[in-house]
file work.cif (mmCIF, C-alpha atoms, pLDDT in the B column; chains and numbers go by the auth columns)
data_start
#
loop_
_atom_site.group_PDB
_atom_site.id
_atom_site.type_symbol
_atom_site.label_atom_id
_atom_site.label_comp_id
_atom_site.label_asym_id
_atom_site.label_seq_id
_atom_site.Cartn_x
_atom_site.Cartn_y
_atom_site.Cartn_z
_atom_site.B_iso_or_equiv
_atom_site.auth_seq_id
_atom_site.auth_asym_id
ATOM 1 C CA MET A 1 -7.658 71.887 -25.197 58.00 22 A
ATOM 2 C CA ALA A 2 -7.142 70.083 -21.904 56.00 23 A
ATOM 3 C CA ARG A 3 -10.074 71.970 -20.412 57.00 24 A
ATOM 4 C CA VAL A 4 -12.284 70.991 -23.337 49.00 25 A
ATOM 5 C CA ARG A 5 -11.323 67.359 -22.962 53.00 26 A
ATOM 6 C CA SER A 6 -11.997 67.565 -19.237 55.00 27 A
ATOM 7 C CA ARG A 7 -15.421 69.029 -19.840 56.00 28 A
ATOM 8 C CA ILE A 8 -16.233 66.385 -22.427 53.00 29 A
ATOM 9 C CA ALA A 9 -15.075 63.644 -20.066 46.00 30 A
ATOM 10 C CA GLY A 10 -17.208 65.135 -17.309 49.00 31 A
ATOM 11 C CA ALA A 11 -20.261 65.304 -19.551 47.00 32 A
ATOM 12 C CA VAL A 12 -19.750 61.706 -20.665 44.00 33 A
ATOM 13 C CA SER A 13 -19.410 60.645 -17.035 49.00 34 A
ATOM 14 C CA VAL A 14 -22.628 62.424 -16.040 44.00 35 A
ATOM 15 C CA PHE A 15 -24.459 60.969 -19.047 46.00 36 A
ATOM 16 C CA GLY A 16 -23.219 57.505 -18.125 43.00 37 A
ATOM 17 C CA GLU A 17 -24.452 57.929 -14.573 48.00 38 A
ATOM 18 C CA LEU A 18 -27.844 59.044 -15.870 43.00 39 A
ATOM 19 C CA LEU A 19 -28.037 55.951 -18.077 44.00 40 A
ATOM 20 C CA ILE A 20 -27.172 53.728 -15.119 48.00 41 A
ATOM 21 C CA THR A 21 -29.813 55.440 -12.993 44.00 42 A
ATOM 22 C CA ALA A 22 -32.385 55.056 -15.758 41.00 43 A
ATOM 23 C CA GLY A 23 -31.482 51.385 -16.074 42.00 44 A
ATOM 24 C CA VAL A 24 -31.893 50.850 -12.338 41.00 45 A
ATOM 25 C CA LEU A 25 -35.269 52.607 -12.386 39.00 46 A
ATOM 26 C CA MET A 26 -36.422 50.501 -15.318 45.00 47 A
ATOM 27 C CA GLY A 27 -35.257 47.390 -13.532 40.00 48 A
ATOM 28 C CA LEU A 28 -37.211 48.370 -10.445 41.00 49 A
ATOM 29 C CA PHE A 29 -40.278 49.004 -12.584 42.00 50 A
ATOM 30 C CA VAL A 30 -39.981 45.529 -14.118 48.00 51 A
ATOM 31 C CA VAL A 31 -39.659 44.008 -10.649 46.00 52 A
ATOM 32 C CA TYR A 32 -42.744 45.931 -9.573 48.00 53 A
ATOM 33 C CA SER A 33 -44.713 44.918 -12.649 53.00 54 A
ATOM 34 C CA LEU A 34 -43.773 41.255 -12.714 63.00 55 A
ATOM 35 C CA TRP A 35 -43.294 40.415 -9.061 70.00 56 A
ATOM 36 C CA TRP A 36 -44.726 42.900 -6.600 75.00 57 A
ATOM 37 C CA THR A 37 -48.060 43.261 -8.434 81.00 58 A
ATOM 38 C CA ASN A 38 -48.301 39.460 -8.312 84.00 59 A
ATOM 39 C CA VAL A 39 -47.734 39.492 -4.562 81.00 60 A
ATOM 40 C CA LEU A 40 -50.397 42.140 -3.996 85.00 61 A
ATOM 41 C CA ALA A 41 -52.875 40.534 -6.395 80.00 62 A
ATOM 42 C CA ASP A 42 -52.431 37.073 -4.883 86.00 63 A
ATOM 43 C CA ARG A 43 -53.098 38.472 -1.406 91.00 64 A
ATOM 44 C CA GLU A 44 -56.274 40.174 -2.568 91.00 65 A
ATOM 45 C CA ALA A 45 -57.431 37.125 -4.543 89.00 66 A
ATOM 46 C CA GLY A 46 -56.852 34.956 -1.475 89.00 67 A
ATOM 47 C CA LYS A 47 -59.024 37.223 0.650 93.00 68 A
ATOM 48 C CA GLN A 48 -61.778 37.283 -1.933 94.00 69 A
ATOM 49 C CA GLY A 49 -61.611 33.529 -2.424 93.00 70 A
ATOM 50 C CA ASP A 50 -61.831 32.903 1.324 92.00 71 A
ATOM 51 C CA ALA A 51 -64.870 35.182 1.478 93.00 72 A
ATOM 52 C CA VAL A 52 -66.578 33.196 -1.280 94.00 73 A
ATOM 53 C CA ARG A 53 -65.928 29.869 0.440 94.00 74 A
ATOM 54 C CA ASP A 54 -67.113 31.297 3.759 92.00 75 A
ATOM 55 C CA SER A 55 -70.321 32.442 2.091 91.00 76 A
ATOM 56 C CA TRP A 56 -70.828 28.959 0.671 93.00 77 A
ATOM 57 C CA SER A 57 -70.564 27.425 4.119 87.00 78 A
ATOM 58 C CA VAL A 58 -73.341 29.604 5.538 83.00 79 A
ATOM 59 C CA SER A 59 -75.447 30.317 2.466 57.00 80 A
ATOM 60 C CA ASP A 60 -79.000 29.050 2.330 55.00 81 A
ATOM 61 C CA SER A 61 -79.543 30.165 -1.239 52.00 82 A
ATOM 62 C CA GLY A 62 -80.099 26.587 -2.329 48.00 83 A
ATOM 63 C CA PRO A 63 -78.488 24.198 -4.816 43.00 84 A
ATOM 64 C CA GLY A 64 -77.272 25.660 -8.054 46.00 85 A
ATOM 65 C CA ALA A 65 -77.265 29.267 -6.908 51.00 86 A
ATOM 66 C CA LEU A 66 -74.349 31.252 -8.310 55.00 87 A
ATOM 67 C CA ASP A 67 -73.019 34.462 -6.798 53.00 88 A
ATOM 68 C CA THR A 68 -72.042 36.699 -9.701 57.00 89 A
ATOM 69 C CA LYS A 69 -70.889 39.550 -7.464 62.00 90 A
ATOM 70 C CA GLY A 70 -68.518 38.125 -4.860 76.00 91 A
ATOM 71 C CA GLY A 71 -67.344 35.335 -7.105 92.00 92 A
ATOM 72 C CA LEU A 72 -68.821 32.748 -9.417 94.00 93 A
ATOM 73 C CA GLY A 73 -66.573 29.888 -8.365 97.00 94 A
ATOM 74 C CA PHE A 74 -63.054 28.544 -8.814 97.00 95 A
ATOM 75 C CA LEU A 75 -61.171 27.460 -11.918 98.00 96 A
ATOM 76 C CA HIS A 76 -58.760 24.522 -11.586 97.00 97 A
ATOM 77 C CA VAL A 77 -56.353 23.861 -14.468 97.00 98 A
ATOM 78 C CA PRO A 78 -53.661 21.304 -13.522 96.00 99 A
ATOM 79 C CA ALA A 79 -51.613 22.011 -16.657 96.00 100 A
ATOM 80 C CA MET A 80 -51.178 25.629 -15.580 95.00 101 A
ATOM 81 C CA GLY A 81 -50.318 24.856 -11.959 90.00 102 A
ATOM 82 C CA ASP A 82 -51.785 23.474 -8.761 79.00 103 A
ATOM 83 C CA GLY A 83 -53.579 26.613 -7.591 89.00 104 A
ATOM 84 C CA GLU A 84 -57.190 27.623 -7.972 95.00 105 A
ATOM 85 C CA VAL A 85 -58.385 30.816 -9.642 97.00 106 A
ATOM 86 C CA LEU A 86 -61.377 32.766 -8.408 97.00 107 A
ATOM 87 C CA VAL A 87 -63.711 33.743 -11.258 97.00 108 A
ATOM 88 C CA LYS A 88 -65.668 36.979 -11.067 97.00 109 A
ATOM 89 C CA LYS A 89 -67.958 38.963 -13.337 96.00 110 A
ATOM 90 C CA GLY A 90 -66.277 41.191 -15.914 96.00 111 A
ATOM 91 C CA THR A 91 -62.926 41.460 -17.653 97.00 112 A
ATOM 92 C CA SER A 92 -61.943 45.071 -16.959 95.00 113 A
ATOM 93 C CA PRO A 93 -58.616 45.887 -15.257 94.00 114 A
ATOM 94 C CA ASP A 94 -60.600 46.751 -12.112 94.00 115 A
ATOM 95 C CA VAL A 95 -61.522 43.059 -11.936 95.00 116 A
ATOM 96 C CA LEU A 96 -58.511 41.229 -13.379 96.00 117 A
ATOM 97 C CA ASN A 97 -55.866 43.290 -11.563 95.00 118 A
ATOM 98 C CA HIS A 98 -56.933 41.652 -8.298 94.00 119 A
ATOM 99 C CA GLY A 99 -55.459 38.309 -9.314 95.00 120 A
ATOM 100 C CA VAL A 100 -58.644 36.668 -10.545 96.00 121 A
ATOM 101 C CA ALA A 101 -60.146 35.555 -13.826 97.00 122 A
ATOM 102 C CA GLY A 102 -63.267 37.194 -15.166 97.00 123 A
ATOM 103 C CA TYR A 103 -66.046 36.109 -17.473 98.00 124 A
ATOM 104 C CA TYR A 104 -67.024 38.305 -20.393 98.00 125 A
ATOM 105 C CA THR A 105 -70.068 40.557 -20.276 97.00 126 A
ATOM 106 C CA ASP A 106 -69.175 42.193 -23.604 96.00 127 A
ATOM 107 C CA PRO A 107 -68.602 42.340 -26.549 96.00 128 A
ATOM 108 C CA ILE A 108 -70.270 38.908 -26.436 97.00 129 A
ATOM 109 C CA LYS A 109 -71.945 37.890 -23.211 97.00 130 A
ATOM 110 C CA SER A 110 -70.590 34.715 -21.673 98.00 131 A
ATOM 111 C CA ALA A 111 -72.762 31.740 -20.898 98.00 132 A
ATOM 112 C CA LEU A 112 -72.547 30.394 -17.353 97.00 133 A
ATOM 113 C CA PRO A 113 -71.553 26.820 -16.544 97.00 134 A
ATOM 114 C CA GLN A 114 -75.071 25.688 -15.639 96.00 135 A
ATOM 115 C CA ASP A 115 -76.552 26.907 -18.934 98.00 136 A
ATOM 116 C CA LYS A 116 -77.801 24.132 -21.214 97.00 137 A
ATOM 117 C CA THR A 117 -75.767 25.484 -24.123 98.00 138 A
ATOM 118 C CA GLY A 118 -73.278 28.288 -24.653 98.00 139 A
ATOM 119 C CA ASN A 119 -69.672 29.322 -24.224 98.00 140 A
ATOM 120 C CA PHE A 120 -68.255 30.095 -20.763 98.00 141 A
ATOM 121 C CA THR A 121 -65.637 32.660 -21.789 98.00 142 A
ATOM 122 C CA LEU A 122 -62.888 33.750 -19.397 98.00 143 A
ATOM 123 C CA ALA A 123 -59.931 36.126 -19.334 98.00 144 A
ATOM 124 C CA ALA A 124 -57.007 36.631 -16.957 97.00 145 A
ATOM 125 C CA HIS A 125 -53.596 38.286 -16.986 96.00 146 A
ATOM 126 C CA ARG A 126 -50.593 36.427 -18.315 95.00 147 A
ATOM 127 C CA ASP A 127 -47.986 38.599 -16.567 93.00 148 A
ATOM 128 C CA GLY A 128 -48.286 40.767 -13.487 91.00 149 A
ATOM 129 C CA HIS A 129 -51.350 41.214 -11.275 89.00 150 A
ATOM 130 C CA GLY A 130 -51.407 37.537 -10.350 90.00 151 A
ATOM 131 C CA ALA A 131 -50.605 36.212 -13.854 93.00 152 A
ATOM 132 C CA LYS A 132 -53.207 33.464 -13.458 96.00 153 A
ATOM 133 C CA PHE A 133 -52.989 32.402 -17.113 97.00 154 A
ATOM 134 C CA HIS A 134 -49.203 32.693 -17.374 95.00 155 A
ATOM 135 C CA ASN A 135 -48.819 29.004 -18.292 96.00 156 A
ATOM 136 C CA ILE A 136 -51.708 28.810 -20.735 98.00 157 A
ATOM 137 C CA HIS A 137 -49.287 27.613 -23.424 97.00 158 A
ATOM 138 C CA LYS A 138 -48.862 24.357 -21.496 97.00 159 A
ATOM 139 C CA LEU A 139 -52.450 23.305 -22.157 98.00 160 A
ATOM 140 C CA LYS A 140 -52.808 20.532 -24.706 97.00 161 A
ATOM 141 C CA SER A 141 -55.694 18.615 -26.243 98.00 162 A
ATOM 142 C CA GLY A 142 -57.279 16.311 -23.666 97.00 163 A
ATOM 143 C CA ASP A 143 -56.144 18.297 -20.630 97.00 164 A
ATOM 144 C CA PRO A 144 -58.842 18.879 -18.001 98.00 165 A
ATOM 145 C CA ILE A 145 -60.259 22.257 -17.058 98.00 166 A
ATOM 146 C CA VAL A 146 -62.443 22.032 -13.964 98.00 167 A
ATOM 147 C CA PHE A 147 -64.784 24.695 -12.676 98.00 168 A
ATOM 148 C CA GLU A 148 -66.005 24.488 -9.087 97.00 169 A
ATOM 149 C CA THR A 149 -69.200 26.073 -7.788 96.00 170 A
ATOM 150 C CA LYS A 150 -70.910 25.723 -4.429 95.00 171 A
ATOM 151 C CA ASP A 151 -72.576 22.431 -5.319 96.00 172 A
ATOM 152 C CA THR A 152 -71.205 21.257 -8.695 97.00 173 A
ATOM 153 C CA TRP A 153 -67.939 20.376 -10.411 98.00 174 A
ATOM 154 C CA TYR A 154 -67.963 21.085 -14.149 98.00 175 A
ATOM 155 C CA VAL A 155 -65.329 19.022 -15.943 98.00 176 A
ATOM 156 C CA TYR A 156 -64.201 20.205 -19.373 98.00 177 A
ATOM 157 C CA LYS A 157 -61.561 18.794 -21.707 98.00 178 A
ATOM 158 C CA VAL A 158 -59.375 20.893 -23.990 98.00 179 A
ATOM 159 C CA TYR A 159 -59.957 20.116 -27.662 98.00 180 A
ATOM 160 C CA GLU A 160 -58.306 23.031 -29.503 98.00 181 A
ATOM 161 C CA THR A 161 -55.893 25.933 -29.010 98.00 182 A
ATOM 162 C CA LEU A 162 -55.139 29.075 -30.985 98.00 183 A
ATOM 163 C CA PRO A 163 -51.674 30.366 -29.999 98.00 184 A
ATOM 164 C CA LYS A 164 -52.048 33.733 -31.705 97.00 185 A
ATOM 165 C CA THR A 165 -54.952 35.821 -32.931 98.00 186 A
ATOM 166 C CA SER A 166 -55.904 39.490 -33.106 97.00 187 A
ATOM 167 C CA ARG A 167 -56.998 41.083 -29.845 96.00 188 A
ATOM 168 C CA PHE A 168 -60.011 42.313 -31.818 96.00 189 A
ATOM 169 C CA ASN A 169 -61.077 38.785 -32.816 98.00 190 A
ATOM 170 C CA VAL A 170 -64.336 38.397 -30.891 97.00 191 A
ATOM 171 C CA GLU A 171 -65.394 35.364 -32.918 97.00 192 A
ATOM 172 C CA VAL A 172 -63.495 33.180 -30.457 98.00 193 A
ATOM 173 C CA LEU A 173 -66.125 34.142 -27.848 98.00 194 A
ATOM 174 C CA GLN A 174 -69.175 33.119 -29.863 98.00 195 A
ATOM 175 C CA PRO A 175 -71.679 30.702 -28.228 98.00 196 A
ATOM 176 C CA VAL A 176 -70.643 28.223 -30.914 98.00 197 A
ATOM 177 C CA PRO A 177 -66.899 28.885 -31.384 97.00 198 A
ATOM 178 C CA LYS A 178 -66.695 27.939 -35.046 97.00 199 A
ATOM 179 C CA GLU A 179 -63.062 29.028 -35.228 96.00 200 A
ATOM 180 C CA SER A 180 -62.326 26.089 -32.917 98.00 201 A
ATOM 181 C CA GLY A 181 -63.893 23.664 -35.357 97.00 202 A
ATOM 182 C CA ARG A 182 -67.250 23.272 -33.609 97.00 203 A
ATOM 183 C CA THR A 183 -70.428 23.920 -35.604 97.00 204 A
ATOM 184 C CA LYS A 184 -73.231 22.897 -33.235 97.00 205 A
ATOM 185 C CA PRO A 185 -74.434 24.279 -29.876 98.00 206 A
ATOM 186 C CA GLY A 186 -72.763 22.688 -26.885 98.00 207 A
ATOM 187 C CA ARG A 187 -71.356 23.531 -23.475 98.00 208 A
ATOM 188 C CA TYR A 188 -67.982 25.104 -24.156 98.00 209 A
ATOM 189 C CA ILE A 189 -65.334 26.946 -22.168 98.00 210 A
ATOM 190 C CA THR A 190 -62.867 29.443 -23.619 98.00 211 A
ATOM 191 C CA LEU A 191 -59.737 30.771 -21.896 98.00 212 A
ATOM 192 C CA THR A 192 -58.183 33.967 -23.274 98.00 213 A
ATOM 193 C CA THR A 193 -55.080 35.955 -22.385 98.00 214 A
ATOM 194 C CA CYS A 194 -52.429 38.183 -23.903 97.00 215 A
ATOM 195 C CA THR A 195 -49.566 36.932 -26.041 97.00 216 A
ATOM 196 C CA PRO A 196 -46.595 37.013 -26.553 95.00 217 A
ATOM 197 C CA ILE A 197 -45.514 37.090 -22.925 90.00 218 A
ATOM 198 C CA LEU A 198 -44.896 40.633 -21.648 88.00 219 A
ATOM 199 C CA THR A 199 -47.058 42.148 -24.399 90.00 220 A
ATOM 200 C CA SER A 200 -50.748 42.662 -25.095 90.00 221 A
ATOM 201 C CA ASP A 201 -50.493 42.735 -28.882 93.00 222 A
ATOM 202 C CA PHE A 202 -52.342 39.474 -29.548 97.00 223 A
ATOM 203 C CA ARG A 203 -54.477 36.881 -27.773 98.00 224 A
ATOM 204 C CA TYR A 204 -53.870 33.229 -26.896 98.00 225 A
ATOM 205 C CA ILE A 205 -57.012 31.074 -26.942 98.00 226 A
ATOM 206 C CA VAL A 206 -57.847 27.671 -25.472 98.00 227 A
ATOM 207 C CA TRP A 207 -61.173 25.933 -26.064 98.00 228 A
ATOM 208 C CA GLY A 208 -62.674 23.121 -24.027 98.00 229 A
ATOM 209 C CA GLU A 209 -65.932 21.189 -24.002 98.00 230 A
ATOM 210 C CA LEU A 210 -67.944 19.906 -21.039 98.00 231 A
ATOM 211 C CA VAL A 211 -67.623 16.149 -20.617 98.00 232 A
ATOM 212 C CA ARG A 212 -69.516 15.724 -17.356 97.00 233 A
ATOM 213 C CA THR A 213 -70.722 17.321 -14.146 98.00 234 A
ATOM 214 C CA GLU A 214 -70.247 15.972 -10.652 97.00 235 A
ATOM 215 C CA LYS A 215 -72.108 16.905 -7.498 97.00 236 A
ATOM 216 C CA VAL A 216 -70.006 18.290 -4.660 96.00 237 A
ATOM 217 C CA ASP A 217 -70.104 15.962 -1.673 95.00 238 A
ATOM 218 C CA GLN A 218 -69.933 16.917 1.985 92.00 239 A
ATOM 219 C CA ASP A 219 -66.124 16.678 2.032 94.00 240 A
ATOM 220 C CA ARG A 220 -65.756 18.564 -1.271 95.00 241 A
ATOM 221 C CA THR A 221 -63.813 15.640 -2.701 96.00 242 A
ATOM 222 C CA LYS A 222 -62.124 16.761 -5.890 95.00 243 A
ATOM 223 C CA PRO A 223 -62.854 15.077 -9.215 96.00 244 A
ATOM 224 C CA VAL A 224 -60.347 12.449 -10.264 96.00 245 A
ATOM 225 C CA GLU A 225 -58.811 14.860 -12.778 94.00 246 A
ATOM 226 C CA LEU A 226 -57.660 17.066 -9.911 94.00 247 A
ATOM 227 C CA ARG A 227 -56.431 14.175 -7.794 87.00 248 A
ATOM 228 C CA GLN A 228 -54.092 12.845 -10.445 78.00 249 A
ATOM 229 C CA THR A 229 -50.449 13.856 -10.737 52.00 250 A
ATOM 230 C CA SER A 230 -50.003 17.415 -11.969 47.00 251 A
ATOM 231 C CA HIS A 231 -49.385 17.869 -15.692 45.00 252 A
ATOM 232 C CA SER A 232 -45.803 17.199 -16.632 43.00 253 A
ATOM 233 C CA GLU A 233 -43.867 20.103 -18.061 43.00 254 A
#
call {"tool": "encode", "arguments": {"input": "work.cif", "output": "structure tokens"}}
result
Amino acid sequence: MARVRSRIAGAVSVFGELLITAGVLMGLFVVYSLWWTNVLADREAGKQGDAVRDSWSVSDSGPGALDTKGGLGFLHVPAMGDGEVLVKKGTSPDVLNHGVAGYYTDPIKSALPQDKTGNFTLAAHRDGHGAKFHNIHKLKSGDPIVFETKDTWYVYKVYETLPKTSRFNVEVLQPVPKESGRTKPGRYITLTTCTPILTSDFRYIVWGELVRTEKVDQDRTKPVELRQTSHSE
């Protein structure tokens, strides 16, 4: 009987050690997913962003030209933080995992900011790989969303949010996003990301509408919306 008890105790001890090891490994995986991938993605996004700005400084492509390969421009959303987000073409993991936002090419093709009408539709990760839209829930009606290109600032204002919808709901990407309450063509912007945090089960949506454009001056002076105090938490 003593031997049996000893064997049982030994088995329990080994099982406990295995559970502890598994817990440590899972913890390391979470650290990798939520921290280290952010570090790597931010480094890569910084390099890509610097390359875009360098190209702007030497480009002779003329006013209004947009580079849809290296990067379309930079998104500035004070309510989500003080940083800028490089925007590139596409929303596949190959694009978004590098710490950038991407504009949709399918299932509904995004308009571009300079288009006379349409919906500039963007996606980015909420956790890991840069997590550029992590604080999307902080956006409220009236908050500015500013998109910067080589020669123009596009200033949008948030007018509606949808905290939870199906990941298959493509209606939010329509040129006229009727689910947001709009019924006529305009110049809209739509931000999309996963929700709840740490899952990809649903999508969080924010809609904005263009209120004005502003030419970029020689010093690249930011619009007043970006010079004001950051959004309070």
call {"tool": "atom_distance", "arguments": {"input": "work.cif", "atom1": "atom CA of Arg224 of chain A", "atom2": "atom CA of Pro196 of chain A"}}
result
18.3 Å
call {"tool": "resolve_selection", "arguments": {"input": "work.cif", "expression": "the PyMOL selection byres ((chain A and resi 64-73) around 9)", "output": "MDAnalysis selection string"}}
result
chainID A and resid 59:63 74:78 88 91:95 106:107 119:121 151
call {"tool": "atom_distance", "arguments": {"input": "work.cif", "atom1": "atom CA of Trp56 of chain A", "atom2": "atom CA of Gly149 of chain A"}}
result
6.7 Å
call {"tool": "atom_distance", "arguments": {"input": "work.cif", "atom1": "atom CA of Thr126 of chain A", "atom2": "atom CA of Arg147 of chain A"}}
result
20.0 Å
call {"tool": "axis_aligned_box", "arguments": {"input": "work.cif", "around": "segment 68-81 of chain A", "padding_each_side": "5 Å", "output": "lines of an AutoDock Vina configuration file"}}
result
center_x = -69.0
center_y = 32.4
center_z = 1.6
size_x = 30.0
size_y = 19.9
size_z = 18.0
call {"tool": "residues_around", "arguments": {"input": "work.cif", "residues": "Val167 of chain A", "least_positions_apart": "4", "cutoff": "6 Å", "atoms": "only C-alpha atoms", "output": "PyMOL selection string"}}
result
chain A and resi 96-97+175-177
